[in-house]
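**Student:** Quick one: the structure is below, and I'll ask about it shortly.
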Amino acid sequence: MIAIFAGSPSNADEVSDSSSEPTTEESPYLDEIIVTATRRNTPVSKVPLSVHVKSAEELRQLNAYDFHDYARTVPSLSFVDSVAGGPTPVIRGLQTHTLLESTPMTAIYLGEVPITAAPNPLTVHYAPDPGLVDIERIEVLRGPQGTLFGASALGGAMRIFPTEPDPDGVAAFWEAGVENVADGDIGYRLSGMFNSPVLNDRGAVRGVAYLREVGGYIDNIHTGADDVNNRSTRGVRLSAMYELNDRWEIAGLVMQHNTEWGGTTVENVPAQPRIQDQLYTPGSDDLSLYSLRIDGTFGWGTIRSVTSWYERDVDARADFRDIVALFLSFEPGLDPVPENFTVNLDTTDTTQFVQELRFVSNDTGRFNWLAGAFYQDVELHANQDFPSPGFDAATGGLAADAGFPDNLNEFRAAYPVEQFALYGEGTYAFTDKLDLAIGLRQYWLERSEASVGPGWLFPTDYAEESEKGSGLTPSVSLSFRPSERSRIYARAAEGFRPGGTNAEAFFESDACQNDLAALGLDGAPTGYESDSVWSYELGLSASSRDGRYRFSGAVYHLDWSGIQSIKTLDCGSRFIENAGDATVNGTELELTALPLDDLSISVGLAYRRSELAEDAPNFGASKGDRIPGVPEFTANLTAQWYFHRFGQWESYAQAAYSYIGNSFTEFNQASPFSFDIPSYSMTRIAVGLQSDDWAIDLFVNNLFDERGITNVVFAGGDPWVITSRPRTVGVVVRWQM
């Protein structure tokens, strides 16, 4: 529960910490970031839960443009990369499968709007990753956040806050940079912001635009193209606010974000790193967001209404030759099996409407409260095609006989989700040093599925299923402040992940029926229930008398019940069921220090033991097997030194180190499909000059060019390995007013 205050203090959304003893005016540790982790404005050191904050200044010093640029500096935050290169965040070791998740376990917000990836049990998905340009702060809330943030906050929540329009004056910046990837291509970035008061300074508008070209570094020996995993990201964000009167304020946000890539990030030629033997596999990810916020201020407290509409379209291709070849091997007369004929096309279209209304009391008495209502309507459409030019000529017309010439399957599915919730929390201060907070959320949800998939490969008839669910997620925390510079808290909380449906049409073949019978089942489960996590946490935050040292730490125990697990049958079909329980025991430690006036140091350590609490024979795992995709130990160290001054210019040097421990790809570590992902480390150095108006930064990411594996995927042949980016050298120039 700490904010890292390395370097110059950020001016955005900070207050003076009156609990610290006076020190020199230059000390950056006098300022403390205000967070809204409890749905009210609170200094981060006074929040009774484990929160890590990245300020605007820290993000700039890291040259952070996306999730990967800062994730390794947050204790207890890890990730699993997808084939397309997008990350799936993992907080406190809650993760079930490194390739496929039915529903995310980390809630992601852009400001007040949830943008968590929609549930899709069919395809690989990854979290939305908007460009981090003109971002005020990022809050990482660790531990279940089911009471205040609802579904999918099983492991925690990540909240990205764009800077709000400012009616107090004109402001602007532009930024340009270029970078080179070792043995890869050159990339560049351009971004800018403009803020202006309007309507007699009662309102303001703020516009942001950005473009980034990320150089690829993987060569494709099948197509002959070099650096195929290049990525292009561009976006615009326009926000506005207006004070209707002294009581009411209205604000709106429009955002468009687009990412395109020329090929997957996998390396699948065992003898050579940075090489792939893949078909042409481009993709794109388009995200649009529209939100309206209305705030009202009254004598008793505030009202906030947030209305949002969200759209996301992902179009991704993947090479499925090995899988199709496996099925063709069972066809008589096909010897040898044809190759180089199929590519899988996966398209998902998501729309989401959210309305939230919240009432928050003033912090004026011993008892304070908040209450809210939440409604969400999500519609996801998934399309999978297997276009395979030349397939019928090679196989004697197998696809044409099934109705789709040179196309192995045309799968279409819809996954609507509707959710309504009421929540509230009350806090009572027994004394000036001791207070108790109790929260509760009641939710009702319905998930449906309608799907059909005719064709030669995985043929399925039309099927439609629907599942309803409801539940209560409580939280309770006790906070004690033994001194003006320290705080101890104990917290128990529950989080949940919505249940869903399984389409029976996938299991109609005789082979699948035999596989189900071998498991003692008459048929595939039509649905699965929500799984839940109970968290028990004890935390501490403290600062030294002179304000130069701040420390936070937490120890926790998680009980995970009814895990949503993917069961794959020998026939190739799979379903989701609640199978097995797990526990996570862990600790987090963070320290920020100013040992010298011009030297700041931050340290973060995290340990978690994530393992099954009982045997889970449905997926071949035993009690004590580790949860896949979760490193036991991670550590990070950042040091920044301001070492010279040249008139209005201030120079600095920064070094950052991150260590990520080993993990596995399957629950059953003895499985032939389980891969032991080795530990790795990343080192970054940067130097630069900055003044009130200008900044020039030179940086080297992955200084020692370490090839850290972030995921391994088995697709029928040799494993597909996804790795960290090679050494990247770059320079960024920034001007601001």
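In the structure tokens, the first chain shown is A, the next is B, and so on; residue numbers restart at 1 for each chain, and ligands run from 1 in the order shown.
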Taking 6 positions as the minimum chain separation for residues in the same chain, which residues sit within 6 Å of stretch 638-651 of chain A when counting only C-alpha atoms? Answer as a PDB file with N, CA and C atoms, in the first residue's frame.

**Tutor:**
```
ATOM      1  N   ASP A 598      19.508  13.973  -3.754  1.00  0.00           N
ATOM      2  CA  ASP A 598      19.333  13.807  -5.190  1.00  0.00           C
ATOM      3  C   ASP A 598      19.262  12.347  -5.625  1.00  0.00           C
ATOM      4  N   LEU A 599      19.069  11.429  -4.691  1.00  0.00           N
ATOM      5  CA  LEU A 599      19.008  10.007  -5.014  1.00  0.00           C
ATOM      6  C   LEU A 599      17.732   9.401  -4.449  1.00  0.00           C
ATOM      7  N   SER A 600      16.902   8.840  -5.304  1.00  0.00           N
ATOM      8  CA  SER A 600      15.695   8.143  -4.863  1.00  0.00           C
ATOM      9  C   SER A 600      15.794   6.675  -5.255  1.00  0.00           C
ATOM     10  N   ILE A 601      15.297   5.810  -4.383  1.00  0.00           N
ATOM     11  CA  ILE A 601      15.356   4.369  -4.581  1.00  0.00           C
ATOM     12  C   ILE A 601      13.984   3.786  -4.250  1.00  0.00           C
ATOM     13  N   SER A 602      13.526   2.865  -5.082  1.00  0.00           N
ATOM     14  CA  SER A 602      12.299   2.123  -4.778  1.00  0.00           C
ATOM     15  C   SER A 602      12.571   0.637  -4.954  1.00  0.00           C
ATOM     16  N   GLY A 688      18.988  11.610 -19.043  1.00  0.00           N
ATOM     17  CA  GLY A 688      18.278  12.672 -19.723  1.00  0.00           C
ATOM     18  C   GLY A 688      18.487  14.029 -19.117  1.00  0.00           C
ATOM     19  N   LEU A 689      17.984  15.021 -19.818  1.00  0.00           N
ATOM     20  CA  LEU A 689      17.972  16.411 -19.383  1.00  0.00           C
ATOM     21  C   LEU A 689      16.528  16.881 -19.381  1.00  0.00           C
ATOM     22  N   GLN A 690      16.191  17.710 -18.396  1.00  0.00           N
ATOM     23  CA  GLN A 690      14.848  18.246 -18.374  1.00  0.00           C
ATOM     24  C   GLN A 690      14.857  19.643 -17.752  1.00  0.00           C
ATOM     25  N   SER A 691      13.948  20.461 -18.292  1.00  0.00           N
ATOM     26  CA  SER A 691      13.732  21.806 -17.775  1.00  0.00           C
ATOM     27  C   SER A 691      12.236  21.983 -17.607  1.00  0.00           C
TER      28      SER A 691
END
```

**Student:** Quick one: residues within 8 Å of A:Ile135, only C-alpha atoms counted, chain neighbours fewer than 6 positions away excluded, as a PyMOL selection string?

**Tutor:** chain A and resi 56+160-163

**Student:** Can you write out the residues you just picked, keeping N, CA and C atoms, as a PDB file, in the first residue's frame?

**Tutor:**
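out.pdb was written with the following content:
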```
ATOM      1  N   ALA A  56       1.796  10.097 -12.912  1.00  0.00           N
ATOM      2  CA  ALA A  56       2.117  10.570 -14.258  1.00  0.00           C
ATOM      3  C   ALA A  56       3.622  10.726 -14.440  1.00  0.00           C
ATOM      4  N   ILE A 160      -7.034   2.894 -14.901  1.00  0.00           N
ATOM      5  CA  ILE A 160      -6.218   3.839 -15.665  1.00  0.00           C
ATOM      6  C   ILE A 160      -6.997   5.150 -15.747  1.00  0.00           C
ATOM      7  N   PHE A 161      -6.414   6.243 -15.232  1.00  0.00           N
ATOM      8  CA  PHE A 161      -7.109   7.523 -15.157  1.00  0.00           C
ATOM      9  C   PHE A 161      -6.498   8.528 -16.129  1.00  0.00           C
ATOM     10  N   PRO A 162      -7.198   8.844 -17.227  1.00  0.00           N
ATOM     11  CA  PRO A 162      -6.732   9.938 -18.081  1.00  0.00           C
ATOM     12  C   PRO A 162      -6.790  11.260 -17.331  1.00  0.00           C
ATOM     13  N   THR A 163      -5.911  12.198 -17.680  1.00  0.00           N
ATOM     14  CA  THR A 163      -5.926  13.517 -17.059  1.00  0.00           C
ATOM     15  C   THR A 163      -7.205  14.254 -17.448  1.00  0.00           C
TER      16      THR A 163
END
```

**Student:** Quick one: DSSP strand (DSSP E or B) residues in stretch 136-305 of chain A, as a VMD selection string?

**Tutor:** chain A and resid 136 to 142 156 to 162 171 to 181 186 to 198 203 to 214 219 to 220 231 to 243 248 to 261 266 to 267 275 to 276 283 to 297 301 to 305

**Student:** Report as a list of chain:residue names all protein, DNA and RNA residues lying within 8 Å of stretch 703-714 of chain A, evaluated on only C-alpha atoms, omitting residues in the same chain fewer than 6 positions from it.

**Tutor:** A:Phe79, A:Val80, A:Asp81, A:Ser82, A:Thr98, A:Leu99, A:Ala182, A:Gly629, A:Thr665, A:Phe673, A:Phe675, A:Ile677, A:Pro678, A:Ser679, A:Tyr680, A:Ser681, A:Met682, A:Thr683, A:Arg684, A:Ile685, A:Trp720, A:Val721, A:Ile722, A:Thr723, A:Ser724, A:Arg725, A:Pro726, A:Arg727, A:Thr728

**Student:** Please indicate the distance in Å from atom CA of A:Trp248 to atom CA of A:Arg293, rounded to one decimal place.

**Tutor:**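 Result for atom CA of A:Trp248 versus atom CA of A:Arg293: 10.7 Å, one decimal.
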
**Student:** So that I can check the secondary structure, give me every residue of stretch 194-433 of chain A assigned alpha helix (DSSP H) by backbone DSSP, as a compact mmCIF listing (two decimals) with C-alpha atoms, in the first residue's frame.

**Tutor:**
```txt
# COMPACT_ATOMS: atom_id res chain seq x y z
CA ARG A 321 -1.88 -26.43 -39.78
CA ASP A 322 -0.71 -28.81 -37.06
CA ILE A 323 -4.20 -29.24 -35.62
CA VAL A 324 -5.83 -29.84 -39.00
CA ALA A 325 -3.03 -32.23 -39.98
CA LEU A 326 -3.82 -34.23 -36.83
CA PHE A 327 -7.42 -34.68 -37.93
CA LEU A 328 -6.43 -35.42 -41.52
CA PHE A 391 -7.72 -27.98 -49.47
CA ASP A 392 -10.32 -29.68 -51.66
CA ALA A 393 -7.84 -30.25 -54.47
CA ALA A 394 -5.50 -31.95 -51.98
CA THR A 395 -8.17 -34.01 -50.22
CA LEU A 398 -13.71 -33.02 -48.20
CA ALA A 399 -14.65 -29.42 -47.43
CA ALA A 400 -16.94 -29.08 -50.42
CA ASP A 401 -18.78 -32.25 -49.40
```

**Student:** Record the distance separating atom CA of A:Gly730 and atom CA of A:Gln61, expressed in Å with one decimal.

**Tutor:**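 A separation of 13.2 Å between them.
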
**Student:** Any idea what's packed within 10 Å of A:Asp319, counting only C-alpha atoms, ignoring anything in its chain fewer than 4 positions away? Could you give it as a ChimeraX atom specification?

**Tutor:** /A:264,277-281,323-324,340-345,386,715

**Student:** For the residues selected in the previous step, produce a file with N, CA and C atoms as an mmCIF file, in the first residue's frame.

**Tutor:**
```
data_model
loop_
_atom_site.group_PDB
_atom_site.id
_atom_site.type_symbol
_atom_site.label_atom_id
_atom_site.label_comp_id
_atom_site.auth_asym_id
_atom_site.auth_seq_id
_atom_site.Cartn_x
_atom_site.Cartn_y
_atom_site.Cartn_z
ATOM 1 N N THR A 264 2.047 -12.871 -35.777
ATOM 2 C CA THR A 264 2.007 -13.266 -34.380
ATOM 3 C C THR A 264 3.381 -13.079 -33.733
ATOM 4 N N ASP A 277 7.892 -20.365 -38.306
ATOM 5 C CA ASP A 277 7.447 -21.005 -39.543
ATOM 6 C C ASP A 277 5.925 -20.950 -39.520
ATOM 7 N N GLN A 278 5.373 -19.822 -39.960
ATOM 8 C CA GLN A 278 3.949 -19.556 -39.842
ATOM 9 C C GLN A 278 3.395 -19.071 -41.181
ATOM 10 N N LEU A 279 2.101 -19.263 -41.364
ATOM 11 C CA LEU A 279 1.417 -18.631 -42.469
ATOM 12 C C LEU A 279 1.268 -17.137 -42.178
ATOM 13 N N TYR A 280 0.769 -16.405 -43.121
ATOM 14 C CA TYR A 280 0.555 -14.968 -42.954
ATOM 15 C C TYR A 280 -0.538 -14.770 -41.913
ATOM 16 N N THR A 281 -0.197 -14.140 -40.786
ATOM 17 C CA THR A 281 -1.125 -14.056 -39.654
ATOM 18 C C THR A 281 -1.234 -12.624 -39.128
ATOM 19 N N ILE A 323 -2.955 -28.667 -36.130
ATOM 20 C CA ILE A 323 -4.201 -29.238 -35.620
ATOM 21 C C ILE A 323 -4.979 -29.916 -36.741
ATOM 22 N N VAL A 324 -5.097 -29.254 -37.887
ATOM 23 C CA VAL A 324 -5.829 -29.842 -39.005
ATOM 24 C C VAL A 324 -5.109 -31.096 -39.516
ATOM 25 N N ASN A 340 0.393 -26.879 -45.433
ATOM 26 C CA ASN A 340 0.407 -25.498 -45.932
ATOM 27 C C ASN A 340 -0.906 -25.093 -46.602
ATOM 28 N N PHE A 341 -2.032 -25.461 -45.981
ATOM 29 C CA PHE A 341 -3.266 -25.137 -46.655
ATOM 30 C C PHE A 341 -4.293 -24.423 -45.782
ATOM 31 N N THR A 342 -4.049 -24.242 -44.518
ATOM 32 C CA THR A 342 -5.131 -23.688 -43.711
ATOM 33 C C THR A 342 -4.650 -22.603 -42.768
ATOM 34 N N VAL A 343 -5.516 -21.635 -42.556
ATOM 35 C CA VAL A 343 -5.265 -20.594 -41.563
ATOM 36 C C VAL A 343 -6.586 -20.301 -40.878
ATOM 37 N N ASN A 344 -6.552 -20.113 -39.580
ATOM 38 C CA ASN A 344 -7.768 -19.859 -38.814
ATOM 39 C C ASN A 344 -8.004 -18.366 -38.700
ATOM 40 N N LEU A 345 -9.201 -17.927 -38.985
ATOM 41 C CA LEU A 345 -9.580 -16.526 -38.850
ATOM 42 C C LEU A 345 -10.536 -16.394 -37.682
ATOM 43 N N PHE A 386 -12.163 -21.193 -41.168
ATOM 44 C CA PHE A 386 -10.919 -21.883 -41.491
ATOM 45 C C PHE A 386 -10.712 -21.872 -43.010
ATOM 46 N N ALA A 715 0.107 -26.217 -29.958
ATOM 47 C CA ALA A 715 -0.948 -26.207 -30.971
ATOM 48 C C ALA A 715 -0.871 -27.440 -31.863
#
```

**Student:** What is the atom CA of A:Gly372-atom CA of A:Tyr536 distance in Å, reported with one decimal?

**Tutor:**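 Going from atom CA of A:Gly372 over to atom CA of A:Tyr536, I get 24.7 Å.
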
**Student:** A:Val584: which residues within 8 Å, counting only C-alpha atoms, same-chain residues fewer than 5 positions away excluded, as a list in words?

**Tutor:** Arg92, Gly93, Tyr556, His557, Leu558, Asp559, Arg608, Arg609, Ser610 and Glu611 of chain A

**Student:** Pick out the residues sitting within 6 Å of A:Glu249, and hand them over as an mmCIF file with N, CA and C atoms, in the first residue's frame; count only C-alpha atoms, and ignore anything fewer than 2 positions along from it in its own chain.

**Tutor:**
```cif
data_model
loop_
_atom_site.group_PDB
_atom_site.id
_atom_site.type_symbol
_atom_site.label_atom_id
_atom_site.label_comp_id
_atom_site.auth_asym_id
_atom_site.auth_seq_id
_atom_site.Cartn_x
_atom_site.Cartn_y
_atom_site.Cartn_z
ATOM 1 N N TYR A 242 -17.970 20.811 -17.915
ATOM 2 C CA TYR A 242 -18.637 22.100 -17.766
ATOM 3 C C TYR A 242 -19.339 22.150 -16.416
ATOM 4 N N GLU A 243 -19.108 23.244 -15.688
ATOM 5 C CA GLU A 243 -19.773 23.467 -14.405
ATOM 6 C C GLU A 243 -21.104 24.158 -14.664
ATOM 7 N N LEU A 244 -22.207 23.404 -14.533
ATOM 8 C CA LEU A 244 -23.522 23.984 -14.766
ATOM 9 C C LEU A 244 -23.833 25.076 -13.748
ATOM 10 N N ILE A 294 -21.916 12.737 -14.666
ATOM 11 C CA ILE A 294 -22.635 13.845 -14.048
ATOM 12 C C ILE A 294 -22.377 13.792 -12.551
ATOM 13 N N ASP A 295 -21.856 14.887 -11.994
ATOM 14 C CA ASP A 295 -21.565 14.976 -10.562
ATOM 15 C C ASP A 295 -22.435 16.039 -9.914
#
```
